[in-house]
Structure formats: structure tokens, C-alpha cells
file target-v2.tsv (TSV, C-alpha atoms)
chain	number	residue	atom	x	y	z
A	11	MET	CA	-2.79	-9.01	-67.58
A	12	GLU	CA	-6.06	-10.74	-68.33
A	13	ARG	CA	-8.81	-11.35	-65.83
A	14	LEU	CA	-8.03	-15.06	-65.41
A	15	ASP	CA	-4.36	-14.26	-64.81
A	16	PHE	CA	-5.46	-11.80	-62.17
A	17	LEU	CA	-7.75	-14.36	-60.54
A	18	ARG	CA	-4.96	-16.95	-60.46
A	19	GLU	CA	-2.67	-14.38	-58.90
A	20	LEU	CA	-5.39	-13.62	-56.38
A	21	GLY	CA	-5.77	-17.35	-55.81
A	22	ASN	CA	-2.06	-17.76	-55.14
A	23	ILE	CA	-1.91	-14.92	-52.64
A	24	GLY	CA	-5.21	-15.93	-51.05
A	25	ILE	CA	-4.26	-19.56	-50.50
A	26	GLY	CA	-0.91	-18.37	-49.12
A	27	HIS	CA	-2.66	-16.25	-46.49
A	28	ALA	CA	-5.20	-19.00	-45.80
A	29	THR	CA	-2.73	-21.83	-45.29
A	30	THR	CA	-0.59	-19.68	-43.00
A	31	ALA	CA	-3.61	-18.82	-40.87
A	32	LEU	CA	-5.01	-22.36	-40.85
A	33	SER	CA	-1.58	-23.87	-40.13
A	34	GLU	CA	-1.40	-21.81	-36.98
A	35	MET	CA	-4.83	-23.06	-35.92
A	36	LEU	CA	-3.92	-26.64	-36.76
A	37	GLN	CA	-0.44	-26.48	-35.23
A	38	GLY	CA	1.47	-26.80	-38.46
A	39	LYS	CA	-0.46	-29.73	-39.88
A	40	LEU	CA	-1.32	-27.89	-43.06
A	41	LEU	CA	0.61	-27.88	-46.32
A	42	ARG	CA	-0.01	-25.97	-49.48
A	43	LEU	CA	-0.29	-28.38	-52.37
A	44	VAL	CA	-1.78	-27.17	-55.62
A	45	VAL	CA	-1.56	-23.95	-57.58
A	46	PRO	CA	-5.13	-22.66	-57.68
A	47	ASP	CA	-7.18	-22.81	-60.82
A	48	ALA	CA	-9.51	-19.93	-61.60
A	49	ARG	CA	-12.42	-19.86	-63.99
A	50	ILE	CA	-15.35	-17.71	-64.98
A	51	LEU	CA	-18.30	-19.89	-65.92
A	52	PRO	CA	-21.40	-18.88	-67.84
A	53	PHE	CA	-24.51	-19.52	-65.73
A	54	GLU	CA	-25.58	-22.41	-67.97
A	55	GLU	CA	-22.34	-24.29	-67.24
A	56	ALA	CA	-22.46	-23.84	-63.47
A	57	ALA	CA	-24.51	-27.00	-62.86
A	58	ALA	CA	-22.06	-29.13	-64.85
A	59	TYR	CA	-19.11	-27.67	-62.93
A	60	ILE	CA	-20.77	-28.40	-59.61
A	61	GLY	CA	-21.18	-32.03	-60.62
A	62	GLY	CA	-22.84	-34.44	-58.18
A	63	LEU	CA	-25.75	-32.18	-57.29
A	64	ASP	CA	-27.04	-34.45	-54.53
A	65	GLU	CA	-23.66	-35.06	-52.91
A	66	ILE	CA	-23.33	-33.32	-49.58
A	67	VAL	CA	-21.20	-30.20	-49.25
A	68	ALA	CA	-20.54	-27.53	-46.66
A	69	GLY	CA	-20.98	-23.93	-47.77
A	70	ILE	CA	-19.90	-20.85	-45.83
A	71	PHE	CA	-21.47	-17.64	-47.13
A	72	MET	CA	-20.69	-14.01	-46.26
A	73	GLN	CA	-21.78	-10.58	-47.39
A	74	ILE	CA	-19.06	-8.06	-48.32
A	75	SER	CA	-19.35	-4.34	-47.69
A	76	GLY	CA	-17.05	-1.38	-48.25
A	77	ASP	CA	-15.60	0.07	-51.48
A	78	VAL	CA	-16.74	-3.08	-53.32
A	79	THR	CA	-20.00	-4.76	-52.29
A	80	GLY	CA	-21.16	-8.30	-52.89
A	81	HIS	CA	-20.84	-11.77	-51.43
A	82	MET	CA	-18.24	-14.50	-51.12
A	83	ALA	CA	-18.55	-18.20	-50.40
A	84	PHE	CA	-16.31	-21.15	-49.60
A	85	ILE	CA	-17.81	-24.49	-50.64
A	86	LEU	CA	-16.13	-27.81	-49.89
A	87	PRO	CA	-17.05	-31.50	-49.98
A	88	ILE	CA	-18.35	-32.89	-46.69
A	89	GLU	CA	-15.32	-35.21	-46.39
A	90	SER	CA	-12.95	-32.22	-46.57
A	91	ALA	CA	-15.06	-30.31	-44.04
A	92	ARG	CA	-15.00	-33.31	-41.71
A	93	THR	CA	-11.18	-33.64	-41.94
A	94	LEU	CA	-10.66	-29.98	-41.09
A	95	VAL	CA	-13.13	-30.04	-38.20
A	96	GLU	CA	-11.61	-33.26	-36.81
A	97	LEU	CA	-8.12	-31.72	-36.94
A	98	LEU	CA	-9.32	-28.52	-35.34
A	99	THR	CA	-11.45	-30.02	-32.58
A	100	GLN	CA	-9.40	-33.21	-32.05
A	101	ARG	CA	-12.62	-35.23	-32.08
A	102	HIS	CA	-13.85	-38.16	-34.14
A	103	GLY	CA	-17.30	-39.63	-34.64
A	104	THR	CA	-20.30	-39.78	-36.93
A	105	ASP	CA	-21.24	-36.80	-39.11
A	106	GLU	CA	-23.93	-35.95	-36.59
A	107	GLU	CA	-21.41	-35.91	-33.74
A	108	ILE	CA	-18.73	-34.04	-35.69
A	109	PHE	CA	-21.09	-31.36	-37.02
A	110	ASP	CA	-22.72	-30.50	-33.70
A	111	GLU	CA	-22.77	-26.91	-32.46
A	112	LEU	CA	-19.03	-26.93	-31.73
A	113	GLY	CA	-18.19	-28.56	-35.05
A	114	ARG	CA	-20.38	-26.15	-36.98
A	115	SER	CA	-18.83	-23.12	-35.33
A	116	ALA	CA	-15.34	-24.54	-36.05
A	117	LEU	CA	-16.36	-24.92	-39.70
A	118	GLU	CA	-17.73	-21.37	-39.79
A	119	GLU	CA	-14.39	-20.15	-38.45
A	120	ILE	CA	-12.49	-22.14	-41.11
A	121	GLY	CA	-14.73	-20.61	-43.78
A	122	ASN	CA	-14.22	-17.20	-42.26
A	123	ILE	CA	-10.43	-17.61	-42.45
A	124	MET	CA	-10.53	-18.89	-46.03
A	125	ILE	CA	-12.81	-16.14	-47.29
A	126	THR	CA	-11.11	-13.28	-45.45
A	127	SER	CA	-7.71	-14.51	-46.70
A	128	TYR	CA	-8.88	-14.04	-50.28
A	129	LEU	CA	-10.68	-10.84	-49.42
A	130	ASN	CA	-7.56	-9.38	-47.83
A	131	ALA	CA	-5.53	-10.42	-50.88
A	132	LEU	CA	-8.07	-8.67	-53.10
A	133	SER	CA	-7.98	-5.56	-50.89
A	134	ALA	CA	-4.18	-5.47	-50.98
A	135	LEU	CA	-4.04	-5.89	-54.77
A	136	THR	CA	-6.65	-3.21	-55.46
A	137	ASP	CA	-6.16	-0.86	-52.52
A	138	LEU	CA	-9.93	-1.02	-51.99
A	139	VAL	CA	-11.50	-1.53	-48.58
A	140	MET	CA	-13.72	-4.60	-48.21
A	141	SER	CA	-15.04	-6.12	-45.02
A	142	PRO	CA	-16.94	-9.36	-44.46
A	143	SER	CA	-20.09	-10.00	-42.44
A	144	ILE	CA	-20.28	-12.84	-39.95
A	145	PRO	CA	-20.16	-16.23	-41.70
A	146	ALA	CA	-23.26	-18.39	-42.25
A	147	LEU	CA	-23.03	-22.15	-42.76
A	148	ALA	CA	-25.16	-24.68	-44.61
A	149	ILE	CA	-24.48	-28.42	-44.89
A	150	ASP	CA	-26.74	-29.81	-47.60
A	151	MET	CA	-27.01	-31.09	-51.19
A	152	ALA	CA	-24.38	-29.49	-53.45
A	153	GLY	CA	-27.00	-28.20	-55.89
A	154	ALA	CA	-29.02	-26.59	-53.10
A	155	VAL	CA	-26.00	-24.89	-51.53
A	156	TRP	CA	-24.59	-23.58	-54.82
A	157	GLU	CA	-27.86	-22.20	-56.13
A	158	SER	CA	-28.66	-20.58	-52.78
A	159	VAL	CA	-25.26	-18.86	-52.82
A	160	LEU	CA	-25.67	-17.63	-56.41
A	161	ALA	CA	-29.29	-16.53	-55.94
A	162	GLY	CA	-28.52	-14.99	-52.54
A	163	ALA	CA	-25.93	-12.81	-54.27
A	164	LEU	CA	-28.27	-12.19	-57.27
A	165	VAL	CA	-25.58	-13.53	-59.60
A	166	ASP	CA	-27.36	-14.81	-62.70
A	167	GLU	CA	-24.82	-14.44	-65.49
A	168	ALA	CA	-21.18	-15.41	-64.95
A	169	VAL	CA	-19.82	-17.22	-61.91
A	170	THR	CA	-16.22	-16.59	-60.77
A	171	ILE	CA	-14.63	-19.54	-59.04
A	172	ILE	CA	-11.13	-20.11	-57.62
A	173	ARG	CA	-10.35	-23.73	-56.81
A	174	THR	CA	-8.42	-24.15	-53.61
A	175	ASP	CA	-6.72	-27.49	-53.00
A	176	PHE	CA	-4.31	-28.22	-50.19
A	177	SER	CA	-3.56	-31.01	-47.81
A	178	ALA	CA	-4.05	-31.13	-44.08
A	179	ASP	CA	-2.18	-33.77	-42.14
A	180	GLY	CA	-1.64	-35.75	-45.34
A	181	VAL	CA	-5.31	-35.68	-46.36
A	182	ASP	CA	-6.32	-33.82	-49.52
A	183	ILE	CA	-8.73	-30.97	-48.96
A	184	GLY	CA	-10.63	-29.67	-51.96
A	185	GLY	CA	-12.76	-26.58	-52.10
A	186	ASN	CA	-13.96	-23.61	-54.10
A	187	ILE	CA	-13.89	-19.92	-53.35
A	188	VAL	CA	-16.77	-18.19	-55.13
A	189	LEU	CA	-16.50	-14.44	-55.83
A	190	LEU	CA	-19.90	-12.80	-56.16
A	191	PRO	CA	-19.55	-9.03	-56.54
A	192	ASP	CA	-22.71	-7.01	-56.97
A	193	GLU	CA	-23.58	-5.93	-60.49
A	194	GLU	CA	-21.16	-3.29	-61.84
A	195	GLU	CA	-18.87	-3.78	-58.84
A	196	PHE	CA	-16.28	-5.79	-60.78
A	197	GLN	CA	-15.65	-2.60	-62.75
A	198	LYS	CA	-14.27	-0.98	-59.61
A	199	ILE	CA	-11.79	-3.84	-59.24
A	200	GLU	CA	-10.93	-3.57	-62.93
A	201	HIS	CA	-10.41	0.15	-62.61
A	202	ALA	CA	-8.23	-0.20	-59.50
A	203	LEU	CA	-6.05	-2.75	-61.31
A	204	GLY	CA	-5.91	-0.87	-64.58
A	205	LEU	CA	-7.43	-3.91	-66.29
A	206	GLU	CA	-9.64	-3.76	-69.32
A	207	ASP	CA	-12.62	-5.98	-69.97
A	208	PHE	CA	-12.73	-7.38	-66.47
B	7	MET	CA	-37.81	-45.51	-67.36
B	8	GLU	CA	-36.39	-42.33	-68.84
B	9	GLU	CA	-35.19	-39.76	-66.29
B	10	VAL	CA	-34.62	-36.21	-67.48
B	11	PHE	CA	-32.75	-33.79	-65.22
B	12	VAL	CA	-33.80	-30.16	-64.94
B	13	ASN	CA	-30.92	-27.86	-63.98
B	14	MET	CA	-31.08	-24.25	-62.74
B	15	GLY	CA	-33.09	-22.13	-65.13
B	16	GLU	CA	-34.03	-24.99	-67.44
B	17	ILE	CA	-37.45	-26.20	-68.63
B	18	ARG	CA	-37.97	-29.85	-69.60
B	19	ALA	CA	-41.05	-31.74	-70.77
B	20	LEU	CA	-42.17	-35.36	-71.18
B	21	ALA	CA	-45.32	-37.07	-72.42
B	22	ARG	CA	-46.90	-40.37	-71.25
B	23	THR	CA	-43.91	-41.84	-69.42
B	24	GLY	CA	-40.63	-40.98	-67.69
B	25	VAL	CA	-39.48	-38.88	-64.75
B	26	LEU	CA	-38.54	-35.22	-64.60
B	27	THR	CA	-36.03	-34.70	-61.79
B	28	THR	CA	-34.58	-31.65	-60.11
B	29	VAL	CA	-31.69	-32.37	-57.78
B	30	GLY	CA	-30.61	-29.96	-55.09
B	31	LEU	CA	-33.31	-27.34	-54.85
B	32	GLY	CA	-32.26	-24.69	-52.35
B	33	SER	CA	-33.72	-21.22	-52.74
B	34	CYS	CA	-34.90	-22.16	-56.24
B	35	VAL	CA	-38.46	-23.39	-56.77
B	36	GLY	CA	-39.18	-26.54	-58.75
B	37	VAL	CA	-42.46	-26.15	-60.66
B	38	ALA	CA	-44.30	-29.16	-62.09
B	39	LEU	CA	-47.26	-28.57	-64.42
B	40	TYR	CA	-49.44	-31.52	-65.43
B	41	ASP	CA	-52.36	-32.37	-67.70
B	42	SER	CA	-53.61	-35.79	-66.59
B	43	VAL	CA	-55.78	-36.36	-69.68
B	44	ALA	CA	-52.95	-35.72	-72.16
B	45	GLN	CA	-50.38	-37.20	-69.72
B	46	VAL	CA	-48.10	-34.27	-70.39
B	47	GLY	CA	-45.71	-32.98	-67.72
B	48	VAL	CA	-43.35	-30.00	-67.76
B	49	MET	CA	-40.89	-28.98	-65.07
B	50	GLY	CA	-39.04	-25.75	-64.41
B	51	HIS	CA	-36.27	-24.85	-61.96
B	52	VAL	CA	-36.88	-21.19	-61.15
B	53	PHE	CA	-33.79	-19.28	-59.95
B	54	LEU	CA	-35.00	-15.72	-59.23
B	55	PRO	CA	-38.37	-13.90	-59.23
B	56	THR	CA	-37.58	-11.62	-62.16
B	57	ALA	CA	-34.72	-10.56	-64.43
B	58	ARG	CA	-32.88	-7.36	-63.67
B	59	ARG	CA	-32.36	-6.87	-67.40
B	60	ARG	CA	-35.06	-7.70	-69.93
B	61	ASN	CA	-32.74	-9.25	-72.53
B	62	GLU	CA	-31.65	-11.79	-69.93
B	63	THR	CA	-34.87	-13.72	-70.39
B	64	VAL	CA	-34.47	-14.40	-74.10
B	65	ASP	CA	-32.00	-17.25	-73.77
B	66	MET	CA	-33.36	-18.84	-70.62
B	67	PRO	CA	-36.96	-17.90	-69.77
B	68	GLY	CA	-36.98	-20.66	-67.14
B	69	LYS	CA	-34.58	-18.74	-64.92
B	70	TYR	CA	-37.15	-16.21	-63.70
B	71	ALA	CA	-40.63	-16.83	-62.31
B	72	ASP	CA	-42.37	-14.19	-64.43
B	73	THR	CA	-41.07	-15.63	-67.70
B	74	ALA	CA	-40.88	-19.29	-66.60
B	75	ILE	CA	-44.60	-19.79	-65.95
B	76	PRO	CA	-45.75	-18.68	-69.45
B	77	ALA	CA	-42.89	-20.67	-71.02
B	78	LEU	CA	-43.86	-23.79	-69.05
B	79	ILE	CA	-47.48	-23.43	-70.17
B	80	ASP	CA	-46.43	-22.96	-73.81
B	81	GLU	CA	-44.23	-26.05	-73.64
B	82	ALA	CA	-47.04	-28.17	-72.13
B	83	VAL	CA	-49.50	-26.97	-74.79
B	84	ARG	CA	-46.95	-27.69	-77.53
B	85	LEU	CA	-46.87	-31.32	-76.34
B	86	GLY	CA	-50.66	-31.63	-76.43
B	87	ALA	CA	-51.78	-30.38	-73.00
B	88	GLN	CA	-54.75	-28.07	-72.58
B	89	LYS	CA	-54.09	-24.99	-70.46
B	90	ARG	CA	-57.43	-25.19	-68.59
B	91	ARG	CA	-56.61	-28.73	-67.41
B	92	LEU	CA	-53.15	-27.89	-65.98
B	93	TRP	CA	-52.38	-28.04	-62.28
B	94	ALA	CA	-49.13	-27.24	-60.47
B	95	LYS	CA	-47.02	-28.80	-57.72
B	96	LEU	CA	-44.13	-26.89	-56.12
B	97	ALA	CA	-41.05	-27.68	-54.06
B	98	GLY	CA	-38.08	-25.66	-52.79
B	99	GLY	CA	-37.88	-21.98	-51.93
B	100	ALA	CA	-35.82	-22.69	-48.81
B	101	ASN	CA	-33.46	-20.36	-47.01
B	102	LEU	CA	-30.27	-22.38	-46.42
B	103	PHE	CA	-28.56	-19.54	-44.56
B	104	PRO	CA	-31.23	-18.36	-42.10
B	105	ASN	CA	-28.58	-16.80	-39.83
B	106	LEU	CA	-27.35	-14.45	-42.54
B	107	THR	CA	-29.48	-11.38	-43.08
B	108	THR	CA	-28.40	-9.77	-46.32
B	109	SER	CA	-29.55	-6.76	-48.26
B	110	ASN	CA	-31.02	-9.06	-50.92
B	111	GLY	CA	-33.45	-10.62	-48.42
B	112	ASN	CA	-34.85	-14.16	-48.42
B	113	ILE	CA	-34.68	-15.22	-52.08
B	114	GLY	CA	-36.48	-18.52	-51.40
B	115	SER	CA	-39.64	-16.85	-50.11
B	116	GLN	CA	-39.48	-14.23	-52.89
B	117	ASN	CA	-39.32	-17.06	-55.43
B	118	ILE	CA	-42.33	-18.85	-53.91
B	119	LYS	CA	-44.36	-15.64	-53.90
B	120	ALA	CA	-43.47	-14.85	-57.52
B	121	VAL	CA	-44.26	-18.39	-58.72
B	122	LEU	CA	-47.64	-18.38	-56.92
B	123	GLU	CA	-48.54	-14.95	-58.33
B	124	ASN	CA	-47.68	-15.96	-61.88
B	125	LEU	CA	-49.59	-19.25	-61.61
B	126	ALA	CA	-52.62	-17.30	-60.31
B	127	LEU	CA	-52.39	-14.94	-63.30
B	128	HIS	CA	-52.92	-17.98	-65.52
B	129	ASP	CA	-55.60	-19.57	-63.29
B	130	ILE	CA	-53.46	-22.65	-62.64
B	131	PRO	CA	-54.33	-24.27	-59.30
B	132	VAL	CA	-51.58	-25.44	-56.93
B	133	VAL	CA	-52.56	-28.94	-55.79
B	134	GLY	CA	-49.43	-29.85	-53.83
B	135	GLN	CA	-46.37	-28.19	-52.34
B	136	ASP	CA	-43.43	-28.69	-50.03
B	137	VAL	CA	-41.74	-25.31	-49.73
B	138	SER	CA	-39.78	-22.99	-47.35
B	139	GLY	CA	-37.74	-24.23	-44.39
B	140	SER	CA	-33.94	-24.25	-44.42
B	141	HIS	CA	-33.03	-27.51	-46.18
B	142	GLY	CA	-32.35	-28.65	-49.74
B	143	ARG	CA	-34.72	-30.90	-51.67
B	144	LYS	CA	-34.77	-33.36	-54.55
B	145	MET	CA	-37.99	-33.34	-56.61
B	146	ARG	CA	-39.14	-36.18	-58.90
B	147	PHE	CA	-42.17	-35.82	-61.18
B	148	PHE	CA	-43.67	-39.03	-62.65
B	149	VAL	CA	-45.30	-38.11	-65.93
B	150	GLU	CA	-47.38	-41.29	-66.18
B	151	ASP	CA	-49.67	-40.31	-63.29
B	152	GLY	CA	-48.55	-36.85	-62.09
B	153	ARG	CA	-47.13	-38.12	-58.83
B	154	VAL	CA	-44.42	-35.84	-57.33
B	155	THR	CA	-42.03	-36.96	-54.60
B	156	VAL	CA	-39.76	-34.71	-52.55
B	157	THR	CA	-36.70	-35.92	-50.65
B	158	ALA	CA	-34.49	-34.12	-48.12
B	159	ILE	CA	-31.14	-35.43	-46.84
B	160	GLY	CA	-31.63	-38.30	-44.41
B	161	LYS	CA	-35.41	-38.38	-44.99
B	162	GLU	CA	-37.76	-40.72	-46.81
B	163	PRO	CA	-39.40	-39.29	-49.95
B	164	ILE	CA	-42.83	-37.72	-49.40
B	165	ASP	CA	-45.64	-37.46	-51.95
B	166	ILE	CA	-47.00	-33.98	-52.52
call {"tool": "encode", "arguments": {"input": "target-v2.tsv", "output": "C-alpha cells"}}
result
Amino acid sequence: MERLDFLRELGNIGIGHATTALSEMLQGKLLRLVVPDARILPFEEAAAYIGGLDEIVAGIFMQISGDVTGHMAFILPIESARTLVELLTQRHGTDEEIFDELGRSALEEIGNIMITSYLNALSALTDLVMSPSIPALAIDMAGAVWESVLAGALVDEAVTIIRTDFSADGVDIGGNIVLLPDEEEFQKIEHALGLEDF
Amino acid sequence: MEEVFVNMGEIRALARTGVLTTVGLGSCVGVALYDSVAQVGVMGHVFLPTARRRNETVDMPGKYADTAIPALIDEAVRLGAQKRRLWAKLAGGANLFPNLTTSNGNIGSQNIKAVLENLALHDIPVVGQDVSGSHGRKMRFFVEDGRVTVTAIGKEPIDI
């Protein structure tokens, strides 16, 4: 098994856990749609992948501790964030009204569920213990959120991304899970999986 | 007017006319160096204070403050600027996740500190800045006259 195969497998299991958990929160309005795509980007290509650097995104960022240390993030377009928060809070309005204190904490909880779903999948696959910190949220320019996540995790070489697409109540939700293990920590995952060159 | 975008870790330069633009500065620091006589401008998009491994800096000196500042100066001089005439303007160095205290600390403020220290080492004065806080910024550097504007979401651009 190669590392991308492993990441896709992780993506499949992770999105399975995440949609189950979110469906319960959203009273069954969530459907899994797309098989996740995983990629490992060189740093230089990260900006091109991110695309519209001044479009607004929501980013939820957490620190990971335990057998493997590092960070994880869930980054999604503002429209997807808005759809999820509207479904969860049963409210509608302007961005300012939707992303008030209640809306922001709902979004943090959604990010928490997404990230811990993937983290639990990773734990189960590797038999390594990993636990997340409380989630932190930023709603800002895509470029600013992405670079703050990468720099905050001190990741300056390759960036591991799992795309997560699903639909909620008939609306497409796009997003990215970003895996940011500390330096050398990926080797522990590799070792646990019996993978080479991870 | 030509607009050249400066992504994470990159260094770009223009002479006489055009705009150097950095979109979406978060914890990174946008550094503009200018020689008004030569009308030469260079811009960097500094990602971290320093490299953890020395060989990292070979491909992309602009990624780290300690290698970016000398590389920016070299690039300006290559285009006809004189080092003693250069000044700097800075934007960015924010902390977008102020509620998350991590073991790596506040990268934005570490970046600002490192950029200021390295500019001081080369006696380059900082004549304008819009740094820190917890929001992203867009920075545009007009090479014709050295004007730099900074924009945050939902705000009018400000001159620094």
C-alpha cells in the first residue's frame, strides 16, 4: 500500500464517521456524496491548490497530542460553512447574523466533529493514541487562513490534504482536511502501518 | 498596469511601474523594500522566522526571515537599487487563532520580530507598517511611487 492509498482509505473511513455524526446532529439531512481525494503537495504548489486567495473561508484548527503529535485543520468555503450552520441552528440571515457567537460555536463544533472523525479513523488504523485540543475558528481570506494553519504547525515542506465533499439537505458541501504531523511524526504512522517511504 | 502576485515564500521585483501584490497574509509578513531614486521595488512573503534545516533555504530563501531579507536586498540591488537608499514597509504577522495556545507559540509575532531584527542588521529603516491583530490582509505595493496599501475583509484600503 502506498501513502496516497492509505490517505484515501483514511479519507473513506473518516468521512464515514463524520457523516454519521453530523447526520445525527442534523437529523438525517446529510448524505455522503463523493469518494475523498487525497494529495500530498510540495510547499510551492500549496498556493495554487488553495486557489482564490482572497475568497473567504472558515478554518477550524486543533493541536493533536498523544503517541503522534501535530495539528489538524478543516477548511471550507464560507458558503459551505453557512449552509451547515443554518441547518444546525435553524436560522437564516446575513453572514454577520449567521456567524455570531452561536453560529461560530456551532461551526467550531462541526469542525471538531470532522477533525476528530478523521483522527479516530487514524487512531483505529494505526493503534496509536491521539487526542485533539479544543477547536479554534477563523473566518478570513483563504490565503491568510491556510498560511496561518501551515505556519502554526511549522509545516514548511509537504502538505497533506484530504478533500471531503458531501451534501447536506441537497446542498453540496466542499472542504479540506489538512493533516499536519510534527516533523518525524509521520514515521510513527508509517511504522505502525508497516508502510515504507511514508 | 502590470500586477505581479507574491505567494508564500516567494520574492518578486519590479522597476519603474506595476504593482506587487500579496493576497491573504495571515501569520506571514509581507515585506516591501523600495529605492525611490531608482524606482525599484521588491516584495517578499515571509512564512517563518528561520529554517529548521539549513538546506531548506537554498530553493526558497524568501520563506524565512533570516534568509529573505538579504535575498530581497540582493534582488533590489540587481535591478539597480542602492542598499543605503532602501526603506521597508511591512504588513501581516497576525494571529488568526488567538484562542488556541499551541506549543509553537504565536508565529505571527515571531515573524514580525525576526523581520525587524534582520532589517536592523542591514540598517534598513521601517517607514510604514500594519501588523499584528487577528485578521488577514491584502498588501499592494505600487512601484512607481512606493505607495503601499493594506486591505482587510470588509474594510477600505489604508495607506501605510
call {"tool": "closest_atom_pairs", "arguments": {"input": "target-v2.tsv", "of": "chain A", "to": "chain B", "cutoff": "10 Å", "atoms": "all atoms listed in the file", "output": "CSV"}}
result
residue,atom,partner,partner_atom,distance
A:Phe53,CA,B:Met14,CA,8.6
A:Glu54,CA,B:Met14,CA,7.8
A:Glu55,CA,B:Met14,CA,9.8
A:Ala56,CA,B:Met14,CA,8.7
A:Ala57,CA,B:Asn13,CA,6.6
A:Ala58,CA,B:Asn13,CA,9.0
A:Gly62,CA,B:Val29,CA,9.1
A:Leu63,CA,B:Gly30,CA,5.8
A:Asp64,CA,B:Gly30,CA,5.8
A:Glu65,CA,B:Gly30,CA,8.9
A:Ile66,CA,B:Ile159,CA,8.5
A:Gly69,CA,B:Phe103,CA,9.3
A:Ile70,CA,B:Phe103,CA,8.9
A:Phe71,CA,B:Phe103,CA,7.8
A:Met72,CA,B:Leu106,CA,7.6
A:Gln73,CA,B:Thr108,CA,6.8
A:Ile74,CA,B:Thr108,CA,9.7
A:Gly80,CA,B:Ser109,CA,9.7
A:His81,CA,B:Thr108,CA,9.3
A:Ser143,CA,B:Leu106,CA,8.5
A:Ile144,CA,B:Leu106,CA,7.7
A:Pro145,CA,B:Leu106,CA,7.5
A:Ala146,CA,B:Leu106,CA,5.7
A:Leu147,CA,B:Phe103,CA,6.4
A:Ala148,CA,B:Leu102,CA,5.9
A:Ile149,CA,B:Leu102,CA,8.5
A:Asp150,CA,B:Gly142,CA,6.1
A:Met151,CA,B:Gly30,CA,5.4
A:Ala152,CA,B:Gly30,CA,6.5
A:Gly153,CA,B:Gly30,CA,4.1
A:Ala154,CA,B:Gly32,CA,3.8
A:Val155,CA,B:Gly32,CA,6.3
A:Trp156,CA,B:Gly32,CA,8.1
A:Glu157,CA,B:Gly32,CA,6.3
A:Ser158,CA,B:Ser33,CA,5.1
A:Val159,CA,B:Ser33,CA,8.8
A:Leu160,CA,B:Phe53,CA,9.0
A:Ala161,CA,B:Phe53,CA,6.6
A:Gly162,CA,B:Ile113,CA,6.2
A:Ala163,CA,B:Asn110,CA,7.2
A:Leu164,CA,B:Asn110,CA,7.6
A:Val165,CA,B:Leu54,CA,9.7
A:Asp166,CA,B:Phe53,CA,8.3
A:Glu167,CA,B:Glu62,CA,8.6
A:Glu193,CA,B:Arg58,CA,9.9
call {"tool": "closest_residue", "arguments": {"input": "target-v2.tsv", "among": "A:Leu51, A:Ile171, A:Leu138, A:Ala68", "to": "Pro87 (chain A)", "atoms": "only C-alpha atoms"}}
result
A:Ala68
call {"tool": "atom_distance", "arguments": {"input": "target-v2.tsv", "atom1": "CA of Arg146 (chain B)", "atom2": "CA of Arg18 (chain B)"}}
result
12.5 Å
call {"tool": "residues_around", "arguments": {"input": "target-v2.tsv", "residues": "region 21-23 of chain B", "least_positions_apart": "5", "cutoff": "9 Å", "atoms": "all atoms listed in the file", "output": "list in words"}}
result
Met7, Glu8, Ala44, Gln45, Val46, Gly47, Val48, Leu85, Gly86, Phe148, Val149, Glu150 and Asp151 of chain B
call {"tool": "atom_distance", "arguments": {"input": "target-v2.tsv", "atom1": "CA of Gly24 (chain A)", "atom2": "CA of Gly184 (chain A)"}}
result
14.8 Å
call {"tool": "atom_distance", "arguments": {"input": "target-v2.tsv", "atom1": "CA of Leu203 (chain A)", "atom2": "CA of Leu32 (chain A)"}}
result
28.4 Å
call {"tool": "residues_around", "arguments": {"input": "target-v2.tsv", "residues": "Leu92 (chain B)", "least_positions_apart": "6", "cutoff": "8 Å", "atoms": "all atoms listed in the file", "output": "list in words"}}
result
Leu39, Tyr40, Asp41, Ser42, Ile130 and Pro131 of chain B
call {"tool": "closest_residue", "arguments": {"input": "target-v2.tsv", "among": "B:Val52, B:Ile75, B:Leu96, B:Met145", "to": "Leu125 (chain B)", "atoms": "only C-alpha atoms"}}
result
B:Ile75
call {"tool": "residues_around", "arguments": {"input": "target-v2.tsv", "residues": "Glu106 (chain A)", "least_positions_apart": "4", "cutoff": "12 Å", "atoms": "all atoms listed in the file", "output": "list in words"}}
result
Ile88, Arg92, His102, Asp110, Glu111, Leu112, Gly113, Arg114 and Ile149 of chain A; Gly160 of chain B
call {"tool": "residues_near_point", "arguments": {"input": "target-v2.tsv", "point": "(-41.3, -35.7, -55.8)", "cutoff": "10 Å", "atoms": "only C-alpha atoms", "output": "ChimeraX atom specification"}}
result
/B:25-28,36,38,95-97,135-136,143-148,152-157,163-166
call {"tool": "write_last_selection", "arguments": {"input": "target-v2.tsv", "atoms": "C-alpha atoms", "output": "PDB file, keeping the file's coordinate frame"}}
result
ATOM      1  CA  VAL B  25     -39.480 -38.880 -64.750  1.00  0.00           C
ATOM      2  CA  LEU B  26     -38.540 -35.220 -64.600  1.00  0.00           C
ATOM      3  CA  THR B  27     -36.030 -34.700 -61.790  1.00  0.00           C
ATOM      4  CA  THR B  28     -34.580 -31.650 -60.110  1.00  0.00           C
ATOM      5  CA  GLY B  36     -39.180 -26.540 -58.750  1.00  0.00           C
ATOM      6  CA  ALA B  38     -44.300 -29.160 -62.090  1.00  0.00           C
ATOM      7  CA  LYS B  95     -47.020 -28.800 -57.720  1.00  0.00           C
ATOM      8  CA  LEU B  96     -44.130 -26.890 -56.120  1.00  0.00           C
ATOM      9  CA  ALA B  97     -41.050 -27.680 -54.060  1.00  0.00           C
ATOM     10  CA  GLN B 135     -46.370 -28.190 -52.340  1.00  0.00           C
ATOM     11  CA  ASP B 136     -43.430 -28.690 -50.030  1.00  0.00           C
ATOM     12  CA  ARG B 143     -34.720 -30.900 -51.670  1.00  0.00           C
ATOM     13  CA  LYS B 144     -34.770 -33.360 -54.550  1.00  0.00           C
ATOM     14  CA  MET B 145     -37.990 -33.340 -56.610  1.00  0.00           C
ATOM     15  CA  ARG B 146     -39.140 -36.180 -58.900  1.00  0.00           C
ATOM     16  CA  PHE B 147     -42.170 -35.820 -61.180  1.00  0.00           C
ATOM     17  CA  PHE B 148     -43.670 -39.030 -62.650  1.00  0.00           C
ATOM     18  CA  GLY B 152     -48.550 -36.850 -62.090  1.00  0.00           C
ATOM     19  CA  ARG B 153     -47.130 -38.120 -58.830  1.00  0.00           C
ATOM     20  CA  VAL B 154     -44.420 -35.840 -57.330  1.00  0.00           C
ATOM     21  CA  THR B 155     -42.030 -36.960 -54.600  1.00  0.00           C
ATOM     22  CA  VAL B 156     -39.760 -34.710 -52.550  1.00  0.00           C
ATOM     23  CA  THR B 157     -36.700 -35.920 -50.650  1.00  0.00           C
ATOM     24  CA  PRO B 163     -39.400 -39.290 -49.950  1.00  0.00           C
ATOM     25  CA  ILE B 164     -42.830 -37.720 -49.400  1.00  0.00           C
ATOM     26  CA  ASP B 165     -45.640 -37.460 -51.950  1.00  0.00           C
ATOM     27  CA  ILE B 166     -47.000 -33.980 -52.520  1.00  0.00           C
TER      28      ILE B 166
END
call {"tool": "residues_around", "arguments": {"input": "target-v2.tsv", "residues": "Leu20 (chain A)", "least_positions_apart": "3", "cutoff": "9 Å", "atoms": "all atoms listed in the file", "output": "ChimeraX atom specification"}}
result
/A:15-17,23-25,128,131-132,135,172
call {"tool": "residues_near_point", "arguments": {"input": "target-v2.tsv", "point": "(-50.9, -13.6, -65.1)", "cutoff": "12 Å", "atoms": "all atoms listed in the file", "output": "PyMOL selection string"}}
result
chain B and resi 71-76+79+120-130
